[in-house]
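S.K.: Take this structure, written in structure tokens, and hold onto it; I'll ask about it next.
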Amino acid sequence: MLLKGNAVSERIKNGIVNSVKNHWDSDLCIPKLAIIRIGERADDIAYETGILKNCAKTGIKAEVIVVNNNVSTVDFLKTLNKINENKEIHGILVLRPLPEQLDHDTVNRAISLEKDIDCMNPLNMEKVFAGNKSVMPPCTAEAVIALLKHYEIDLPGKKVVIVNRSMVLGKPLAMLFLAENATVTICHSKTKNLFEITRKADIVVTGIGRCKFFGKEYFSKESIVVDAGIDEENGNLCGDVDFEETAEYVSAISPVPGGVGPITSMILLSNVIKAMKLQQGCTGKK
């Protein structure tokens, strides 16, 4: 079975469009996203362009704030605080990676808790680990769960292996799986005999960003594989899993591109709507 993300993405998009069509209490409650880009990295600009296209499709307003690549932490925080205080902006996305001179922890903690649509503020991440469902988890982690649920893959009791230990994917995703009563193992680059662990799992989520690293020897015929990694080979996007070798062997697999990615983008915009509703005075009227 091919786990395509387009149908899930379309469903989320339709929900956003319906929300935006509501009559809001005031002009301040028209959903708006602020994208902060540092410098002129080509991949940042490409990602930004994709978000802006999706904003146009859903009716969400967007503003791009570009700061110099050599910006200091003090000056960056001044820009960020202005956006935090702007009541017309409901969601904030800071494009990553940040340049080395910025204090990453300080920047993350400075993002407004209510406008933090990709769970970068560690105080929001704490809520994810505490099982608080009012907070918005990192979008890629949430997209993995949304994809599996769309295809009605039962999660309770399943043995899940996540090959990623980052705060963006692996750790919060483990918490989301635990909330679904799955049994979770987190692996990483230092894990010994990785293939022996992944082959015993019901569900394997990869996220190492190494093109075609996982061949079919890492899986069983019953494996459900969600490829959340992305890399480039000869100018083409590819995932962690050797798709051509593995697709016919395993029970189910998500492609790259066209799997987790489209869902992640729409969840990001869906979180703008959620963030707007969390903020004072933004109550939609049907």
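Ordering of the structure tokens sets the chain letters (A, B, ...), residue numbers begin anew at 1 in every chain, and ligands are numbered from 1 in the order given.
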As a compact mmCIF listing (two decimals) with C-alpha atoms, in the first residue's frame, which residues of range 99-270 of chain A does DSSP assign to strand (DSSP E or B)?

M.R.:
```
# COMPACT_ATOMS: atom_id res chain seq x y z
CA ASP A 116 4.40 29.32 18.12
CA LYS A 159 5.84 -1.66 18.06
CA VAL A 160 7.18 1.59 16.59
CA VAL A 161 10.80 2.41 15.78
CA ILE A 162 11.73 6.03 15.07
CA VAL A 163 15.16 6.60 13.54
CA THR A 183 5.31 1.02 22.22
CA VAL A 184 8.17 3.21 21.02
CA THR A 185 11.90 2.75 20.46
CA ILE A 186 14.06 5.70 19.38
CA CYS A 187 17.19 4.93 17.36
CA ILE A 203 5.93 0.70 12.09
CA VAL A 204 9.25 2.33 11.17
CA VAL A 205 9.62 6.11 10.83
CA THR A 206 12.87 7.28 9.26
CA PHE A 214 17.51 2.13 4.13
CA ILE A 224 4.69 -0.10 7.63
CA VAL A 225 7.31 2.49 6.64
CA VAL A 226 6.90 6.26 6.96
CA ASP A 227 9.78 8.08 5.29
CA ASP A 231 17.69 14.72 0.65
CA GLU A 232 18.70 15.46 -2.93
CA GLU A 233 20.33 13.21 -5.51
CA ASN A 236 15.92 15.23 -7.49
CA LEU A 237 14.37 14.93 -4.04
CA CYS A 238 14.66 11.56 -2.38
CA VAL A 241 14.39 4.70 2.05
CA ALA A 252 2.96 -0.05 3.27
CA ILE A 253 5.30 2.87 2.55
```

S.K.: Give me, as a tab-separated table, each residue of range 72-129 of chain A that comes within 12 Å of range 173-176 of chain A, together with its shortest interatomic pair and the distance in Å at one decimal, counting only C-alpha atoms, with rows ordered by chain and rising residue number.

M.R.:
```
residue	atom	partner	partner_atom	distance
A:Met125	CA	A:Met175	CA	10.5
A:Glu126	CA	A:Met175	CA	10.8
A:Lys127	CA	A:Met175	CA	10.5
A:Val128	CA	A:Met175	CA	7.1
A:Phe129	CA	A:Met175	CA	6.0
```

S.K.: Would you mind exporting the chosen residues as a PDB file, in the first residue's frame, restricted to N, CA and C atoms?

M.R.:
```pdb
ATOM      1  N   MET A 125       7.119  22.775  24.081  1.00  0.00           N
ATOM      2  CA  MET A 125       7.568  21.397  23.943  1.00  0.00           C
ATOM      3  C   MET A 125       7.371  20.623  25.246  1.00  0.00           C
ATOM      4  N   GLU A 126       7.562  21.294  26.369  1.00  0.00           N
ATOM      5  CA  GLU A 126       7.322  20.657  27.666  1.00  0.00           C
ATOM      6  C   GLU A 126       5.880  20.168  27.764  1.00  0.00           C
ATOM      7  N   LYS A 127       4.957  20.952  27.228  1.00  0.00           N
ATOM      8  CA  LYS A 127       3.549  20.571  27.270  1.00  0.00           C
ATOM      9  C   LYS A 127       3.291  19.336  26.407  1.00  0.00           C
ATOM     10  N   VAL A 128       4.005  19.247  25.260  1.00  0.00           N
ATOM     11  CA  VAL A 128       3.881  18.060  24.413  1.00  0.00           C
ATOM     12  C   VAL A 128       4.318  16.826  25.192  1.00  0.00           C
ATOM     13  N   PHE A 129       5.442  16.940  25.918  1.00  0.00           N
ATOM     14  CA  PHE A 129       5.967  15.805  26.674  1.00  0.00           C
ATOM     15  C   PHE A 129       5.077  15.479  27.874  1.00  0.00           C
TER      16      PHE A 129
END
```

S.K.: Which residues are near Asp75 in chain A? Cut-off 12 Å, only C-alpha atoms, ignore same chain within fewer than 6 positions. Put them as a CSV table (one decimal) with N, CA and C atoms, in the first residue's frame.

M.R.:
```csv
chain,number,residue,atom,x,y,z
A,67,VAL,N,15.7,39.4,7.5
A,67,VAL,CA,16.8,40.1,8.3
A,67,VAL,C,18.1,39.6,7.7
A,68,ASN,N,19.1,40.5,8.0
A,68,ASN,CA,20.5,40.2,7.5
A,68,ASN,C,21.1,39.0,8.1
A,69,ASN,N,21.8,38.2,7.3
A,69,ASN,CA,22.4,37.0,7.8
A,69,ASN,C,23.4,37.2,8.9
A,81,ASN,N,10.2,40.5,18.8
A,81,ASN,CA,9.3,41.1,19.8
A,81,ASN,C,8.3,41.9,19.2
A,82,LYS,N,8.6,42.7,18.1
A,82,LYS,CA,7.6,43.5,17.4
A,82,LYS,C,6.5,42.6,16.8
A,101,GLN,N,25.8,32.7,14.9
A,101,GLN,CA,26.0,33.7,15.9
A,101,GLN,C,24.8,34.0,16.8
A,102,LEU,N,23.6,33.4,16.4
A,102,LEU,CA,22.4,33.6,17.2
A,102,LEU,C,22.4,32.6,18.3
A,103,ASP,N,21.9,33.0,19.4
A,103,ASP,CA,21.7,32.1,20.6
A,103,ASP,C,20.4,31.4,20.3
A,107,VAL,N,16.5,32.5,21.2
A,107,VAL,CA,15.5,32.8,20.1
A,107,VAL,C,14.3,32.0,20.3
```

S.K.: Would you mind listing what lies within 8 Å of Pro31 in chain A as a PyMOL selection string, with only C-alpha atoms counted and same-chain residues fewer than 5 positions away left out?

M.R.: chain A and resi 20+60-61+88-90+272-273+276

S.K.: Write the residues you've just listed into a file as an mmCIF file, in the first residue's frame, and include C-alpha atoms for each of them.

M.R.:
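File out.cif, as written:
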```cif
data_model
loop_
_atom_site.group_PDB
_atom_site.id
_atom_site.type_symbol
_atom_site.label_atom_id
_atom_site.label_comp_id
_atom_site.auth_asym_id
_atom_site.auth_seq_id
_atom_site.Cartn_x
_atom_site.Cartn_y
_atom_site.Cartn_z
ATOM 1 C CA VAL A 20 -11.225 31.333 6.997
ATOM 2 C CA ILE A 60 -4.489 33.055 5.097
ATOM 3 C CA LYS A 61 -2.569 36.316 4.956
ATOM 4 C CA GLU A 88 -2.706 41.373 13.494
ATOM 5 C CA ILE A 89 -0.242 38.463 13.351
ATOM 6 C CA HIS A 90 -1.394 35.148 14.787
ATOM 7 C CA VAL A 272 -2.253 29.488 12.304
ATOM 8 C CA ILE A 273 -6.019 29.053 12.664
ATOM 9 C CA MET A 276 -5.674 32.695 16.167
#
```

S.K.: Can you tell me, as a ChimeraX atom specification, which residues in range 56-282 of chain A count as helix (DSSP H, G or I) by DSSP?

M.R.: /A:56-58,73-85,104-110,113-115,122-129,139-150,170-179,194-198,216-218,243-246,260-278

S.K.: Have a look at A:Val71, A:Leu3, A:Ala141, A:Leu155 and name the one nearest to Ala179 in chain A; count only C-alpha atoms.

M.R.: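 Closest to Ala179 in chain A of all the choices is A:Leu155.
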
S.K.: Just how far from CA of Glu248 in chain A is CA of Met1 in chain A, in Å to one decimal?

M.R.: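 These atoms are spaced 8.8 Å apart.
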
S.K.: Out of A:Val168, A:Ile83, A:Ala42, A:Leu269, which residue has the shortest atom-to-atom distance to Thr58 in chain A when counting only C-alpha atoms?

M.R.: A:Leu269

S.K.: Name all residues at most 12 Å from Lys13 in chain A (count only C-alpha atoms; drop same-chain ones fewer than 2 positions away) and give them as a compact mmCIF listing (two decimals) with N, CA and C atoms, in the first residue's frame.

M.R.:
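After the write, part_28.txt holds the following:
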```txt
# COMPACT_ATOMS: atom_id res chain seq x y z
N ASN A 6 -1.24 13.43 -0.27
CA ASN A 6 -2.05 14.47 -0.91
C ASN A 6 -3.50 14.50 -0.43
N ALA A 7 -4.08 13.32 -0.23
CA ALA A 7 -5.47 13.27 0.22
C ALA A 7 -5.61 13.85 1.63
N VAL A 8 -4.64 13.58 2.48
CA VAL A 8 -4.65 14.12 3.84
C VAL A 8 -4.48 15.63 3.80
N SER A 9 -3.53 16.07 2.97
CA SER A 9 -3.27 17.50 2.83
C SER A 9 -4.51 18.24 2.33
N GLU A 10 -5.20 17.63 1.37
CA GLU A 10 -6.41 18.26 0.80
C GLU A 10 -7.51 18.39 1.85
N ARG A 11 -7.66 17.36 2.68
CA ARG A 11 -8.68 17.41 3.73
C ARG A 11 -8.38 18.53 4.73
N GLY A 15 -10.49 22.16 5.50
CA GLY A 15 -10.85 22.62 6.83
C GLY A 15 -10.39 24.04 7.09
N ILE A 16 -9.19 24.37 6.60
CA ILE A 16 -8.67 25.74 6.75
C ILE A 16 -9.55 26.72 5.99
N VAL A 17 -9.87 26.36 4.74
CA VAL A 17 -10.69 27.25 3.91
C VAL A 17 -12.03 27.52 4.57
N ASN A 18 -12.65 26.49 5.11
CA ASN A 18 -13.93 26.67 5.79
C ASN A 18 -13.80 27.58 7.01
N SER A 19 -12.70 27.44 7.73
CA SER A 19 -12.48 28.30 8.91
C SER A 19 -12.28 29.75 8.50
N VAL A 20 -11.50 29.97 7.45
CA VAL A 20 -11.22 31.33 7.00
C VAL A 20 -12.50 32.02 6.51
N ASN A 54 0.52 28.15 -0.56
CA ASN A 54 -0.54 27.51 0.22
C ASN A 54 -1.38 28.53 0.97
N CYS A 55 -0.76 29.61 1.43
CA CYS A 55 -1.51 30.69 2.07
C CYS A 55 -2.51 31.29 1.10
N ALA A 56 -2.08 31.49 -0.13
CA ALA A 56 -2.96 32.06 -1.15
C ALA A 56 -4.14 31.11 -1.44
N LYS A 57 -3.89 29.80 -1.42
CA LYS A 57 -4.94 28.82 -1.68
C LYS A 57 -5.97 28.76 -0.56
N THR A 58 -5.54 29.05 0.66
CA THR A 58 -6.42 28.89 1.82
C THR A 58 -7.02 30.19 2.34
N GLY A 59 -6.52 31.32 1.87
CA GLY A 59 -7.05 32.59 2.33
C GLY A 59 -6.36 33.15 3.55
N ILE A 60 -5.26 32.54 3.97
CA ILE A 60 -4.49 33.05 5.10
C ILE A 60 -3.54 34.14 4.61
N PRO A 262 3.60 17.17 2.10
CA PRO A 262 2.40 17.98 1.86
C PRO A 262 1.53 18.14 3.11
N ILE A 263 1.52 17.11 3.95
CA ILE A 263 0.71 17.18 5.18
C ILE A 263 1.33 18.18 6.15
N THR A 264 2.66 18.13 6.28
CA THR A 264 3.37 19.05 7.17
C THR A 264 3.05 20.50 6.83
N SER A 265 3.07 20.82 5.54
CA SER A 265 2.83 22.20 5.10
C SER A 265 1.43 22.67 5.48
N MET A 266 0.45 21.80 5.32
CA MET A 266 -0.92 22.20 5.63
C MET A 266 -1.19 22.23 7.13
N ILE A 267 -0.55 21.35 7.89
CA ILE A 267 -0.69 21.41 9.34
C ILE A 267 -0.14 22.72 9.86
N LEU A 268 0.96 23.19 9.27
CA LEU A 268 1.54 24.48 9.65
C LEU A 268 0.50 25.59 9.53
N LEU A 269 -0.23 25.61 8.41
CA LEU A 269 -1.24 26.65 8.22
C LEU A 269 -2.47 26.41 9.09
N SER A 270 -2.81 25.16 9.30
CA SER A 270 -3.91 24.84 10.21
C SER A 270 -3.60 25.37 11.61
N ASN A 271 -2.33 25.33 11.98
CA ASN A 271 -1.93 25.83 13.30
C ASN A 271 -2.06 27.34 13.41
N ILE A 273 -4.62 28.93 12.25
CA ILE A 273 -6.02 29.05 12.66
C ILE A 273 -6.17 28.73 14.15
```

S.K.: Provide the CA of Lys115 in chain A to CA of Cys29 in chain A distance in Å, to one decimal place.

M.R.: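 Between CA of Lys115 in chain A and CA of Cys29 in chain A the gap is 13.3 Å.
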
S.K.: So what do you get for CA of Glu114 in chain A versus CA of Lys277 in chain A, distance-wise?

M.R.: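 Value for the CA of Glu114 in chain A-CA of Lys277 in chain A distance: 9.5 Å.
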
S.K.: Go through A:Gly157, A:Ile230, A:Arg210, A:Phe219 and flag the residue nearest Tyr249 in chain A, using only C-alpha atoms for the distances.

M.R.: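 Smallest separation from Tyr249 in chain A among the options: A:Phe219.
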